[in-house]
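Single-structure report; data block below.
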Number of protein chains: 2
Amino acid sequence: MADNKNIEETNAFSPKFDANGLITAIAQDARTGQILMVAYMNQEALQQTIKTGVATYYSRSRKKLWKKGEQSGHIQKVQQIFVDCDQDCIVLKVSVDAGQCHVGYQSCFYRALKPGGENELEFVAEKVYDPKKTYSDKG
Amino acid sequence: MADNKNIEETNAFSPKFDANGLITAIAQDARTGQILMVAYMNQEALQQTIKTGVATYYSRSRKKLWKKGEQSGHIQKVQQIFVDCDQDCIVLKVSVDAGQCHVGYQSCFYRALKPGGENELEFVAEKVYDPKKTYSDKG
């Protein structure tokens, strides 16, 4: 949270990309408010997202643009794009079908820390699709 | 999203800190689902958050632990801690009072991209407190 009033109080969109040229992007279900996933965008991914209305990220592992759902079909239709006070993070409110996480859950956040402990997780969601069927023959 | 089943399908909490020893942490209002802010935690901040039940981050600018609300009083009581599939991002479901962003809004995400454009933001929230009064004499 920078002190810069020109960034915080302005209506000029000036996303702040980090040293690797990336900005954090959170996809949130526009209907339910559930946080679905967190990924990264470079400038091109952000521009493409704005232009097409479909969420496109930058895959750090594959080092290329990644239109969410290009393989699984589980795309994200962007309803609104929010930016935070210091403009180094973006929230996309998206419309989605069932199954946004490649593991098979609706959200990537399908586990929570077990109350009272600090090392053990509990699964707090059920899988909504079978990722083996979705990803199996698409190599 | 790593392929590692040991990380994705396990109930062992093994948060993945980046090269700077940090993990992204999103604070979400447990009651409304609103995304309030995005910050970072080092291992100590995460441990302190778990131990105390009050959100503590690592300030990259001040290079020290930062108990959210230590200056403003707007603390975050942690209800639940979620981790994503590849365990490199955390969501805190928190109970909060009015005014979580230092600019004066409830959420840091008080602006959204104006529909149809790509450079202009619109303010989509009203300030809920006067930050000048909160931060003025606390140096």
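Just remember, in the structure tokens the first chain shown is A, the second B, etc., residues are 1-based per chain, and ligands are 1-based in the order shown.
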Every residue of chain A that DSSP places in helix (DSSP H, G or I), as an MDAnalysis selection string:
chainID A and resid 5:8 43:52 131:138
Contacts of B:Tyr135 at 9 Å (only C-alpha atoms; same-chain gap of 6+ positions) as a PyMOL selection string:
chain B and resi 71-72+102
Non-local contacts of stretch 19-34 of chain B (8 Å; only C-alpha atoms; under 3 positions in same chain excluded) as an mmCIF file with N, CA and C atoms, in the first residue's frame:
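That gives us selection37.cif:
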```
data_model
loop_
_atom_site.group_PDB
_atom_site.id
_atom_site.type_symbol
_atom_site.label_atom_id
_atom_site.label_comp_id
_atom_site.auth_asym_id
_atom_site.auth_seq_id
_atom_site.Cartn_x
_atom_site.Cartn_y
_atom_site.Cartn_z
ATOM 1 N N GLY A 33 -19.180 -15.154 -4.890
ATOM 2 C CA GLY A 33 -18.129 -14.510 -4.113
ATOM 3 C C GLY A 33 -16.969 -15.437 -3.770
ATOM 4 N N GLN A 34 -17.079 -16.703 -4.151
ATOM 5 C CA GLN A 34 -16.007 -17.651 -3.842
ATOM 6 C C GLN A 34 -14.725 -17.283 -4.601
ATOM 7 N N PRO B 15 3.147 -24.883 3.152
ATOM 8 C CA PRO B 15 3.114 -23.642 2.375
ATOM 9 C C PRO B 15 4.430 -23.404 1.649
ATOM 10 N N LYS B 16 4.275 -22.977 0.404
ATOM 11 C CA LYS B 16 5.448 -22.798 -0.456
ATOM 12 C C LYS B 16 5.812 -21.317 -0.502
ATOM 13 N N MET B 37 -8.131 -7.296 0.933
ATOM 14 C CA MET B 37 -6.768 -6.875 0.621
ATOM 15 C C MET B 37 -5.921 -8.087 0.266
ATOM 16 N N VAL B 38 -4.791 -7.813 -0.346
ATOM 17 C CA VAL B 38 -3.807 -8.852 -0.645
ATOM 18 C C VAL B 38 -2.480 -8.399 -0.069
ATOM 19 N N ALA B 39 -1.834 -9.269 0.661
ATOM 20 C CA ALA B 39 -0.551 -8.925 1.256
ATOM 21 C C ALA B 39 0.346 -10.170 1.241
ATOM 22 N N TYR B 40 1.437 -10.101 1.970
ATOM 23 C CA TYR B 40 2.399 -11.204 1.956
ATOM 24 C C TYR B 40 2.744 -11.617 3.375
ATOM 25 N N MET B 41 3.095 -12.878 3.511
ATOM 26 C CA MET B 41 3.527 -13.404 4.802
ATOM 27 C C MET B 41 4.855 -14.117 4.626
ATOM 28 N N ASN B 42 5.735 -13.952 5.611
ATOM 29 C CA ASN B 42 6.867 -14.870 5.695
ATOM 30 C C ASN B 42 6.462 -15.955 6.707
ATOM 31 N N GLN B 43 7.359 -16.875 6.939
ATOM 32 C CA GLN B 43 6.995 -18.000 7.796
ATOM 33 C C GLN B 43 6.593 -17.529 9.194
ATOM 34 N N GLN B 79 -10.904 -16.467 10.946
ATOM 35 C CA GLN B 79 -11.861 -17.551 11.174
ATOM 36 C C GLN B 79 -11.374 -18.865 10.581
ATOM 37 N N ASP B 88 0.854 -22.332 -2.797
ATOM 38 C CA ASP B 88 1.669 -21.111 -2.842
ATOM 39 C C ASP B 88 0.820 -19.857 -2.637
ATOM 40 N N CYS B 89 -0.379 -20.052 -2.119
ATOM 41 C CA CYS B 89 -1.249 -18.903 -1.850
ATOM 42 C C CYS B 89 -2.228 -19.264 -0.738
ATOM 43 N N ILE B 90 -2.506 -18.275 0.091
ATOM 44 C CA ILE B 90 -3.366 -18.487 1.260
ATOM 45 C C ILE B 90 -4.557 -17.524 1.212
ATOM 46 N N VAL B 91 -5.710 -18.017 1.619
ATOM 47 C CA VAL B 91 -6.871 -17.140 1.826
ATOM 48 C C VAL B 91 -7.230 -17.177 3.308
ATOM 49 N N LEU B 92 -7.319 -15.995 3.894
ATOM 50 C CA LEU B 92 -7.777 -15.885 5.274
ATOM 51 C C LEU B 92 -9.216 -15.413 5.262
ATOM 52 N N LYS B 93 -10.103 -16.178 5.866
ATOM 53 C CA LYS B 93 -11.468 -15.673 6.076
ATOM 54 C C LYS B 93 -11.444 -14.960 7.414
ATOM 55 N N VAL B 94 -11.768 -13.676 7.369
ATOM 56 C CA VAL B 94 -11.586 -12.843 8.554
ATOM 57 C C VAL B 94 -12.860 -12.110 8.964
ATOM 58 N N SER B 95 -12.960 -11.853 10.260
ATOM 59 C CA SER B 95 -14.016 -10.977 10.780
ATOM 60 C C SER B 95 -13.392 -9.612 11.009
ATOM 61 N N VAL B 96 -14.063 -8.588 10.501
ATOM 62 C CA VAL B 96 -13.489 -7.244 10.543
ATOM 63 C C VAL B 96 -14.537 -6.207 10.912
ATOM 64 N N SER B 107 -12.648 -2.044 1.521
ATOM 65 C CA SER B 107 -11.748 -2.956 0.806
ATOM 66 C C SER B 107 -10.731 -2.148 0.017
#
```
Please produce, as JSON lines, a per-residue contact table for chain B versus chain A (criterion: any atom at most 9 Å away, only C-alpha atoms considered), showing the nearest atom pair and its distance in Å to one decimal, sorted by chain then residue number.
```
{"residue": "B:Met1", "atom": "CA", "partner": "A:His102", "partner_atom": "CA", "distance": 7.8}
{"residue": "B:Ala2", "atom": "CA", "partner": "A:Ser61", "partner_atom": "CA", "distance": 8.8}
{"residue": "B:Glu8", "atom": "CA", "partner": "A:Val103", "partner_atom": "CA", "distance": 7.4}
{"residue": "B:Glu9", "atom": "CA", "partner": "A:Val103", "partner_atom": "CA", "distance": 8.3}
{"residue": "B:Thr10", "atom": "CA", "partner": "A:Leu121", "partner_atom": "CA", "distance": 7.9}
{"residue": "B:Asn11", "atom": "CA", "partner": "A:Leu121", "partner_atom": "CA", "distance": 4.5}
{"residue": "B:Ala12", "atom": "CA", "partner": "A:Glu120", "partner_atom": "CA", "distance": 5.1}
{"residue": "B:Phe13", "atom": "CA", "partner": "A:Asn119", "partner_atom": "CA", "distance": 4.9}
{"residue": "B:Ser14", "atom": "CA", "partner": "A:Asn119", "partner_atom": "CA", "distance": 7.5}
{"residue": "B:Gln28", "atom": "CA", "partner": "A:Ile35", "partner_atom": "CA", "distance": 8.7}
{"residue": "B:Thr32", "atom": "CA", "partner": "A:Gly33", "partner_atom": "CA", "distance": 8.2}
{"residue": "B:Gly33", "atom": "CA", "partner": "A:Gly33", "partner_atom": "CA", "distance": 5.4}
{"residue": "B:Gln34", "atom": "CA", "partner": "A:Gly33", "partner_atom": "CA", "distance": 6.9}
{"residue": "B:Ile35", "atom": "CA", "partner": "A:Val91", "partner_atom": "CA", "distance": 8.4}
{"residue": "B:Met37", "atom": "CA", "partner": "A:Asp84", "partner_atom": "CA", "distance": 7.5}
{"residue": "B:Val38", "atom": "CA", "partner": "A:Cys89", "partner_atom": "CA", "distance": 7.4}
{"residue": "B:Gln47", "atom": "CA", "partner": "A:Glu118", "partner_atom": "CA", "distance": 7.9}
{"residue": "B:Ile50", "atom": "CA", "partner": "A:Glu118", "partner_atom": "CA", "distance": 6.7}
{"residue": "B:Lys51", "atom": "CA", "partner": "A:Glu118", "partner_atom": "CA", "distance": 8.2}
{"residue": "B:Ser61", "atom": "CA", "partner": "A:Ala2", "partner_atom": "CA", "distance": 8.7}
{"residue": "B:Gln80", "atom": "CA", "partner": "A:Ala112", "partner_atom": "CA", "distance": 6.7}
{"residue": "B:Ile81", "atom": "CA", "partner": "A:Ala112", "partner_atom": "CA", "distance": 5.4}
{"residue": "B:Phe82", "atom": "CA", "partner": "A:Ala112", "partner_atom": "CA", "distance": 4.1}
{"residue": "B:Val83", "atom": "CA", "partner": "A:Phe109", "partner_atom": "CA", "distance": 5.5}
{"residue": "B:Asp84", "atom": "CA", "partner": "A:Phe109", "partner_atom": "CA", "distance": 4.4}
{"residue": "B:Cys85", "atom": "CA", "partner": "A:Cys108", "partner_atom": "CA", "distance": 5.2}
{"residue": "B:Asp86", "atom": "CA", "partner": "A:Cys108", "partner_atom": "CA", "distance": 8.5}
{"residue": "B:Cys89", "atom": "CA", "partner": "A:Val38", "partner_atom": "CA", "distance": 7.4}
{"residue": "B:Ile90", "atom": "CA", "partner": "A:Phe109", "partner_atom": "CA", "distance": 8.2}
{"residue": "B:Val91", "atom": "CA", "partner": "A:Phe109", "partner_atom": "CA", "distance": 7.7}
{"residue": "B:Cys101", "atom": "CA", "partner": "A:Cys85", "partner_atom": "CA", "distance": 8.0}
{"residue": "B:His102", "atom": "CA", "partner": "A:Met1", "partner_atom": "CA", "distance": 7.8}
{"residue": "B:Val103", "atom": "CA", "partner": "A:Cys85", "partner_atom": "CA", "distance": 7.4}
{"residue": "B:Ser107", "atom": "CA", "partner": "A:Asp84", "partner_atom": "CA", "distance": 8.2}
{"residue": "B:Cys108", "atom": "CA", "partner": "A:Asp84", "partner_atom": "CA", "distance": 4.8}
{"residue": "B:Phe109", "atom": "CA", "partner": "A:Asp84", "partner_atom": "CA", "distance": 4.3}
{"residue": "B:Tyr110", "atom": "CA", "partner": "A:Asp84", "partner_atom": "CA", "distance": 6.8}
{"residue": "B:Arg111", "atom": "CA", "partner": "A:Phe82", "partner_atom": "CA", "distance": 5.7}
{"residue": "B:Ala112", "atom": "CA", "partner": "A:Phe82", "partner_atom": "CA", "distance": 4.1}
{"residue": "B:Leu113", "atom": "CA", "partner": "A:Ile81", "partner_atom": "CA", "distance": 5.5}
{"residue": "B:Lys114", "atom": "CA", "partner": "A:Ile81", "partner_atom": "CA", "distance": 8.5}
{"residue": "B:Pro115", "atom": "CA", "partner": "A:Gln80", "partner_atom": "CA", "distance": 7.9}
{"residue": "B:Gly116", "atom": "CA", "partner": "A:Ile50", "partner_atom": "CA", "distance": 8.7}
{"residue": "B:Gly117", "atom": "CA", "partner": "A:Ile50", "partner_atom": "CA", "distance": 8.3}
{"residue": "B:Glu118", "atom": "CA", "partner": "A:Ile50", "partner_atom": "CA", "distance": 6.7}
{"residue": "B:Asn119", "atom": "CA", "partner": "A:Phe13", "partner_atom": "CA", "distance": 4.9}
{"residue": "B:Glu120", "atom": "CA", "partner": "A:Ala12", "partner_atom": "CA", "distance": 5.1}
{"residue": "B:Leu121", "atom": "CA", "partner": "A:Asn11", "partner_atom": "CA", "distance": 4.5}
{"residue": "B:Glu122", "atom": "CA", "partner": "A:Asn11", "partner_atom": "CA", "distance": 6.0}
{"residue": "B:Phe123", "atom": "CA", "partner": "A:Asn11", "partner_atom": "CA", "distance": 7.4}
```
Next, dump the selected residues to file, keeping only N, CA and C atoms, as a compact mmCIF listing (two decimals), in the first residue's frame.
```txt
# COMPACT_ATOMS: atom_id res chain seq x y z
N MET B 1 -0.03 -24.08 -10.60
CA MET B 1 -0.67 -25.34 -10.27
C MET B 1 0.28 -26.49 -10.61
N ALA B 2 0.98 -26.95 -9.60
CA ALA B 2 1.97 -28.00 -9.82
C ALA B 2 1.28 -29.34 -10.06
N GLU B 8 -0.96 -31.52 -3.75
CA GLU B 8 -2.35 -31.20 -4.07
C GLU B 8 -3.37 -32.06 -3.35
N GLU B 9 -3.03 -33.33 -3.13
CA GLU B 9 -4.03 -34.28 -2.62
C GLU B 9 -3.78 -34.67 -1.17
N THR B 10 -2.84 -34.01 -0.55
CA THR B 10 -2.47 -34.36 0.82
C THR B 10 -3.19 -33.47 1.83
N ASN B 11 -3.22 -33.93 3.07
CA ASN B 11 -3.70 -33.03 4.12
C ASN B 11 -2.56 -32.46 4.96
N ALA B 12 -1.34 -32.56 4.41
CA ALA B 12 -0.19 -31.95 5.08
C ALA B 12 -0.03 -30.51 4.60
N PHE B 13 -0.05 -29.61 5.54
CA PHE B 13 0.11 -28.19 5.21
C PHE B 13 1.60 -27.91 4.99
N SER B 14 1.93 -27.58 3.74
CA SER B 14 3.34 -27.28 3.44
C SER B 14 3.40 -26.05 2.54
N GLN B 28 -10.25 -12.17 3.08
CA GLN B 28 -11.63 -12.13 2.58
C GLN B 28 -12.58 -12.03 3.76
N THR B 32 -19.25 -11.43 4.33
CA THR B 32 -19.79 -10.95 3.05
C THR B 32 -19.12 -11.59 1.83
N GLY B 33 -17.94 -12.17 2.01
CA GLY B 33 -17.22 -12.72 0.87
C GLY B 33 -16.39 -11.68 0.13
N GLN B 34 -16.48 -10.43 0.55
CA GLN B 34 -15.70 -9.39 -0.12
C GLN B 34 -14.20 -9.60 0.07
N ILE B 35 -13.46 -9.45 -1.01
CA ILE B 35 -11.99 -9.51 -0.91
C ILE B 35 -11.53 -8.15 -0.38
N MET B 37 -8.13 -7.30 0.93
CA MET B 37 -6.77 -6.87 0.62
C MET B 37 -5.92 -8.09 0.27
N VAL B 38 -4.79 -7.81 -0.35
CA VAL B 38 -3.81 -8.85 -0.65
C VAL B 38 -2.48 -8.40 -0.07
N GLN B 47 3.05 -18.13 11.09
CA GLN B 47 2.99 -18.81 12.39
C GLN B 47 2.30 -17.94 13.43
N ILE B 50 -1.44 -17.93 12.83
CA ILE B 50 -2.07 -19.18 13.29
C ILE B 50 -2.15 -19.19 14.82
N LYS B 51 -1.07 -18.77 15.44
CA LYS B 51 -0.98 -18.83 16.90
C LYS B 51 -1.92 -17.85 17.60
N SER B 61 7.74 -3.15 2.32
CA SER B 61 8.34 -1.82 2.32
C SER B 61 9.07 -1.53 3.62
N GLN B 80 -10.75 -18.77 9.41
CA GLN B 80 -10.33 -19.97 8.70
C GLN B 80 -9.17 -19.61 7.78
N ILE B 81 -8.26 -20.56 7.60
CA ILE B 81 -7.11 -20.35 6.70
C ILE B 81 -7.15 -21.42 5.62
N PHE B 82 -7.33 -20.98 4.38
CA PHE B 82 -7.36 -21.89 3.23
C PHE B 82 -6.02 -21.83 2.49
N VAL B 83 -5.69 -22.93 1.83
CA VAL B 83 -4.50 -22.92 0.97
C VAL B 83 -4.91 -23.48 -0.39
N ASP B 84 -4.25 -23.03 -1.45
CA ASP B 84 -4.65 -23.50 -2.78
C ASP B 84 -3.93 -24.79 -3.18
N CYS B 85 -4.26 -25.28 -4.36
CA CYS B 85 -3.81 -26.61 -4.79
C CYS B 85 -2.30 -26.78 -4.68
N ASP B 86 -1.54 -25.82 -5.19
CA ASP B 86 -0.08 -25.98 -5.13
C ASP B 86 0.54 -25.31 -3.90
N CYS B 89 -0.38 -20.05 -2.12
CA CYS B 89 -1.25 -18.90 -1.85
C CYS B 89 -2.23 -19.26 -0.74
N ILE B 90 -2.51 -18.28 0.09
CA ILE B 90 -3.37 -18.49 1.26
C ILE B 90 -4.56 -17.52 1.21
N VAL B 91 -5.71 -18.02 1.62
CA VAL B 91 -6.87 -17.14 1.83
C VAL B 91 -7.23 -17.18 3.31
N CYS B 101 -9.06 -0.72 4.43
CA CYS B 101 -8.02 -0.15 3.57
C CYS B 101 -7.55 1.18 4.13
N HIS B 102 -6.24 1.44 4.08
CA HIS B 102 -5.68 2.66 4.68
C HIS B 102 -6.12 3.92 3.94
N VAL B 103 -6.69 3.77 2.74
CA VAL B 103 -7.16 4.94 1.99
C VAL B 103 -8.52 5.42 2.51
N SER B 107 -12.65 -2.04 1.52
CA SER B 107 -11.75 -2.96 0.81
C SER B 107 -10.73 -2.15 0.02
N CYS B 108 -9.55 -2.72 -0.22
CA CYS B 108 -8.57 -2.07 -1.09
C CYS B 108 -9.05 -2.05 -2.55
N PHE B 109 -10.02 -2.90 -2.87
CA PHE B 109 -10.50 -2.98 -4.26
C PHE B 109 -11.73 -2.08 -4.42
N TYR B 110 -11.51 -0.77 -4.35
CA TYR B 110 -12.60 0.19 -4.41
C TYR B 110 -12.76 0.81 -5.79
N ARG B 111 -11.95 0.35 -6.73
CA ARG B 111 -12.06 0.85 -8.11
C ARG B 111 -12.11 -0.31 -9.09
N ALA B 112 -12.90 -0.11 -10.15
CA ALA B 112 -12.98 -1.12 -11.20
C ALA B 112 -12.77 -0.45 -12.55
N LEU B 113 -12.28 -1.23 -13.48
CA LEU B 113 -12.07 -0.72 -14.83
C LEU B 113 -13.43 -0.32 -15.41
N LYS B 114 -13.48 0.84 -16.02
CA LYS B 114 -14.72 1.34 -16.60
C LYS B 114 -15.09 0.48 -17.81
N PRO B 115 -16.32 0.02 -17.88
CA PRO B 115 -16.70 -0.86 -18.98
C PRO B 115 -16.44 -0.22 -20.34
N GLY B 116 -15.90 -1.02 -21.24
CA GLY B 116 -15.68 -0.53 -22.59
C GLY B 116 -14.33 0.12 -22.82
N GLY B 117 -13.63 0.42 -21.75
CA GLY B 117 -12.33 1.06 -21.90
C GLY B 117 -11.22 0.18 -21.36
N GLU B 118 -10.00 0.67 -21.39
CA GLU B 118 -8.91 -0.12 -20.83
C GLU B 118 -7.95 0.71 -19.98
N ASN B 119 -8.24 2.01 -19.85
CA ASN B 119 -7.34 2.87 -19.09
C ASN B 119 -8.00 3.62 -17.95
N GLU B 120 -9.33 3.61 -17.92
CA GLU B 120 -10.02 4.46 -16.95
C GLU B 120 -10.73 3.63 -15.88
N LEU B 121 -10.52 4.02 -14.63
CA LEU B 121 -11.17 3.35 -13.50
C LEU B 121 -12.39 4.14 -13.06
N GLU B 122 -13.32 3.44 -12.42
CA GLU B 122 -14.39 4.15 -11.74
C GLU B 122 -14.41 3.71 -10.28
N PHE B 123 -14.72 4.66 -9.41
CA PHE B 123 -14.79 4.34 -7.99
C PHE B 123 -16.13 3.64 -7.73
```
Output the coordinates of chain B after least-squares fitting to chain A on all in-order C-alpha pairs, as a compact mmCIF listing (two decimals) with C-alpha atoms, in the first residue's frame.
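Contents of selection.txt, freshly written:
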```txt
# COMPACT_ATOMS: atom_id res chain seq x y z
CA MET B 1 0.01 0.01 0.03
CA ALA B 2 1.98 2.93 -1.36
CA ASP B 3 1.51 6.48 -0.10
CA ASN B 4 1.21 7.81 -3.61
CA LYS B 5 -2.10 9.68 -3.91
CA ASN B 6 -1.66 9.71 -7.67
CA ILE B 7 -2.02 5.97 -7.70
CA GLU B 8 -4.54 5.53 -4.91
CA GLU B 9 -6.97 8.38 -5.53
CA THR B 10 -6.88 8.56 -9.31
CA ASN B 11 -9.14 7.03 -11.90
CA ALA B 12 -6.18 6.31 -14.17
CA PHE B 13 -5.57 2.60 -14.49
CA SER B 14 -1.82 2.08 -14.13
CA PRO B 15 -1.24 -1.54 -13.13
CA LYS B 16 2.08 -2.08 -11.45
CA PHE B 17 3.90 -5.09 -12.83
CA ASP B 18 6.66 -6.58 -10.69
CA ALA B 19 10.32 -7.13 -11.58
CA ASN B 20 9.27 -10.14 -13.67
CA GLY B 21 6.65 -8.12 -15.52
CA LEU B 22 3.78 -9.81 -13.68
CA ILE B 23 0.82 -8.74 -11.60
CA THR B 24 -1.16 -10.95 -9.22
CA ALA B 25 -4.70 -11.69 -10.42
CA ILE B 26 -7.44 -13.25 -8.32
CA ALA B 27 -10.47 -14.85 -9.96
CA GLN B 28 -13.61 -14.54 -7.85
CA ASP B 29 -16.96 -16.06 -8.75
CA ALA B 30 -19.17 -13.07 -9.56
CA ARG B 31 -22.26 -14.92 -8.39
CA THR B 32 -21.14 -16.59 -5.16
CA GLY B 33 -18.13 -14.51 -4.11
CA GLN B 34 -16.00 -17.64 -3.85
CA ILE B 35 -12.32 -17.12 -4.56
CA LEU B 36 -11.55 -19.57 -7.34
CA MET B 37 -7.85 -19.21 -8.05
CA VAL B 38 -4.85 -16.91 -7.98
CA ALA B 39 -2.61 -16.54 -11.00
CA TYR B 40 -0.42 -13.97 -12.74
CA MET B 41 -0.72 -11.73 -15.75
CA ASN B 42 1.83 -9.94 -17.83
CA GLN B 43 0.81 -6.86 -19.75
CA GLU B 44 -0.21 -8.87 -22.80
CA ALA B 45 -2.38 -11.24 -20.75
CA LEU B 46 -4.11 -8.30 -19.10
CA GLN B 47 -4.72 -6.57 -22.42
CA GLN B 48 -6.08 -9.76 -23.93
CA THR B 49 -8.36 -10.28 -20.92
CA ILE B 50 -9.74 -6.76 -21.28
CA LYS B 51 -10.11 -7.07 -25.04
CA THR B 52 -11.72 -10.50 -25.19
CA GLY B 53 -13.63 -10.56 -21.90
CA VAL B 54 -12.22 -14.00 -21.19
CA ALA B 55 -9.59 -14.43 -18.47
CA THR B 56 -6.09 -14.95 -19.84
CA TYR B 57 -3.11 -15.39 -17.55
CA TYR B 58 0.62 -15.84 -17.94
CA SER B 59 1.84 -19.30 -17.03
CA ARG B 60 5.10 -18.99 -15.13
CA SER B 61 5.87 -22.68 -15.57
CA ARG B 62 5.12 -22.82 -19.29
CA LYS B 63 6.36 -19.27 -19.87
CA LYS B 64 3.50 -18.34 -22.16
CA LEU B 65 0.02 -16.87 -22.25
CA TRP B 66 -2.60 -19.15 -20.84
CA LYS B 67 -6.24 -18.66 -21.66
CA LYS B 68 -7.91 -20.28 -18.66
CA GLY B 69 -9.96 -23.22 -19.92
CA GLU B 70 -8.22 -23.51 -23.28
CA GLN B 71 -7.65 -27.18 -22.51
CA SER B 72 -10.40 -28.03 -20.01
CA GLY B 73 -13.14 -25.86 -21.45
CA HIS B 74 -13.67 -24.23 -18.05
CA ILE B 75 -13.23 -20.66 -19.20
CA GLN B 76 -13.86 -17.56 -17.11
CA LYS B 77 -16.07 -14.82 -18.53
CA VAL B 78 -14.97 -11.55 -17.00
CA GLN B 79 -17.72 -9.36 -15.57
CA GLN B 80 -15.62 -6.74 -13.84
CA ILE B 81 -11.94 -5.98 -13.23
CA PHE B 82 -10.98 -4.41 -9.91
CA VAL B 83 -7.59 -3.03 -8.90
CA ASP B 84 -6.34 -2.39 -5.37
CA CYS B 85 -5.12 0.83 -3.78
CA ASP B 86 -1.51 0.60 -4.93
CA GLN B 87 -2.49 -1.04 -8.21
CA ASP B 88 -0.28 -4.10 -7.82
CA CYS B 89 -3.10 -6.62 -7.65
CA ILE B 90 -6.20 -7.33 -9.71
CA VAL B 91 -9.49 -9.04 -8.90
CA LEU B 92 -11.52 -10.46 -11.75
CA LYS B 93 -15.19 -11.08 -11.07
CA VAL B 94 -15.96 -13.96 -13.37
CA SER B 95 -18.85 -16.11 -14.52
CA VAL B 96 -17.89 -19.76 -14.58
CA ASP B 97 -19.24 -23.25 -15.00
CA ALA B 98 -18.57 -26.10 -12.57
CA GLY B 99 -14.93 -27.07 -12.01
CA GLN B 100 -12.35 -24.33 -12.08
CA CYS B 101 -9.43 -26.09 -10.42
CA HIS B 102 -7.42 -28.66 -12.41
CA VAL B 103 -7.49 -31.03 -9.41
CA GLY B 104 -11.26 -31.42 -9.85
CA TYR B 105 -12.71 -28.92 -7.41
CA GLN B 106 -14.70 -25.78 -8.08
CA SER B 107 -12.07 -23.64 -6.37
CA CYS B 108 -8.33 -24.14 -5.87
CA PHE B 109 -8.97 -23.38 -2.19
CA TYR B 110 -10.50 -26.75 -1.30
CA ARG B 111 -8.50 -27.26 1.88
CA ALA B 112 -8.35 -25.34 5.14
CA LEU B 113 -6.07 -25.56 8.12
CA LYS B 114 -7.60 -27.85 10.73
CA PRO B 115 -8.72 -25.82 13.74
CA GLY B 116 -6.35 -25.97 16.66
CA GLY B 117 -3.38 -27.21 14.69
CA GLU B 118 -0.79 -25.71 12.41
CA ASN B 119 0.29 -28.54 10.13
CA GLU B 120 -2.83 -30.45 9.17
CA LEU B 121 -5.33 -29.54 6.45
CA GLU B 122 -8.88 -30.72 6.06
CA PHE B 123 -10.68 -31.03 2.76
CA VAL B 124 -13.63 -28.65 2.82
CA ALA B 125 -15.05 -29.31 -0.66
CA GLU B 126 -16.09 -32.17 -2.91
CA LYS B 127 -14.76 -32.68 -6.41
CA VAL B 128 -17.18 -31.48 -9.07
CA TYR B 129 -15.61 -33.20 -12.06
CA ASP B 130 -13.08 -35.89 -12.89
CA PRO B 131 -9.88 -34.24 -14.10
CA LYS B 132 -8.64 -37.56 -15.54
CA LYS B 133 -11.46 -37.49 -18.05
CA THR B 134 -10.96 -33.83 -18.84
CA TYR B 135 -7.22 -33.86 -19.32
CA SER B 136 -6.50 -37.49 -20.24
CA ASP B 137 -6.36 -37.50 -24.03
CA LYS B 138 -5.40 -33.93 -24.59
CA GLY B 139 -1.72 -34.56 -23.97
```
Pick out each residue of chain B that DSSP on the backbone tags as strand (DSSP E or B); I need them as an MDAnalysis selection string.
chainID B and resid 12 23:29 35:41 54 56:59 64:67 77:83 89:95 111:113 120:123
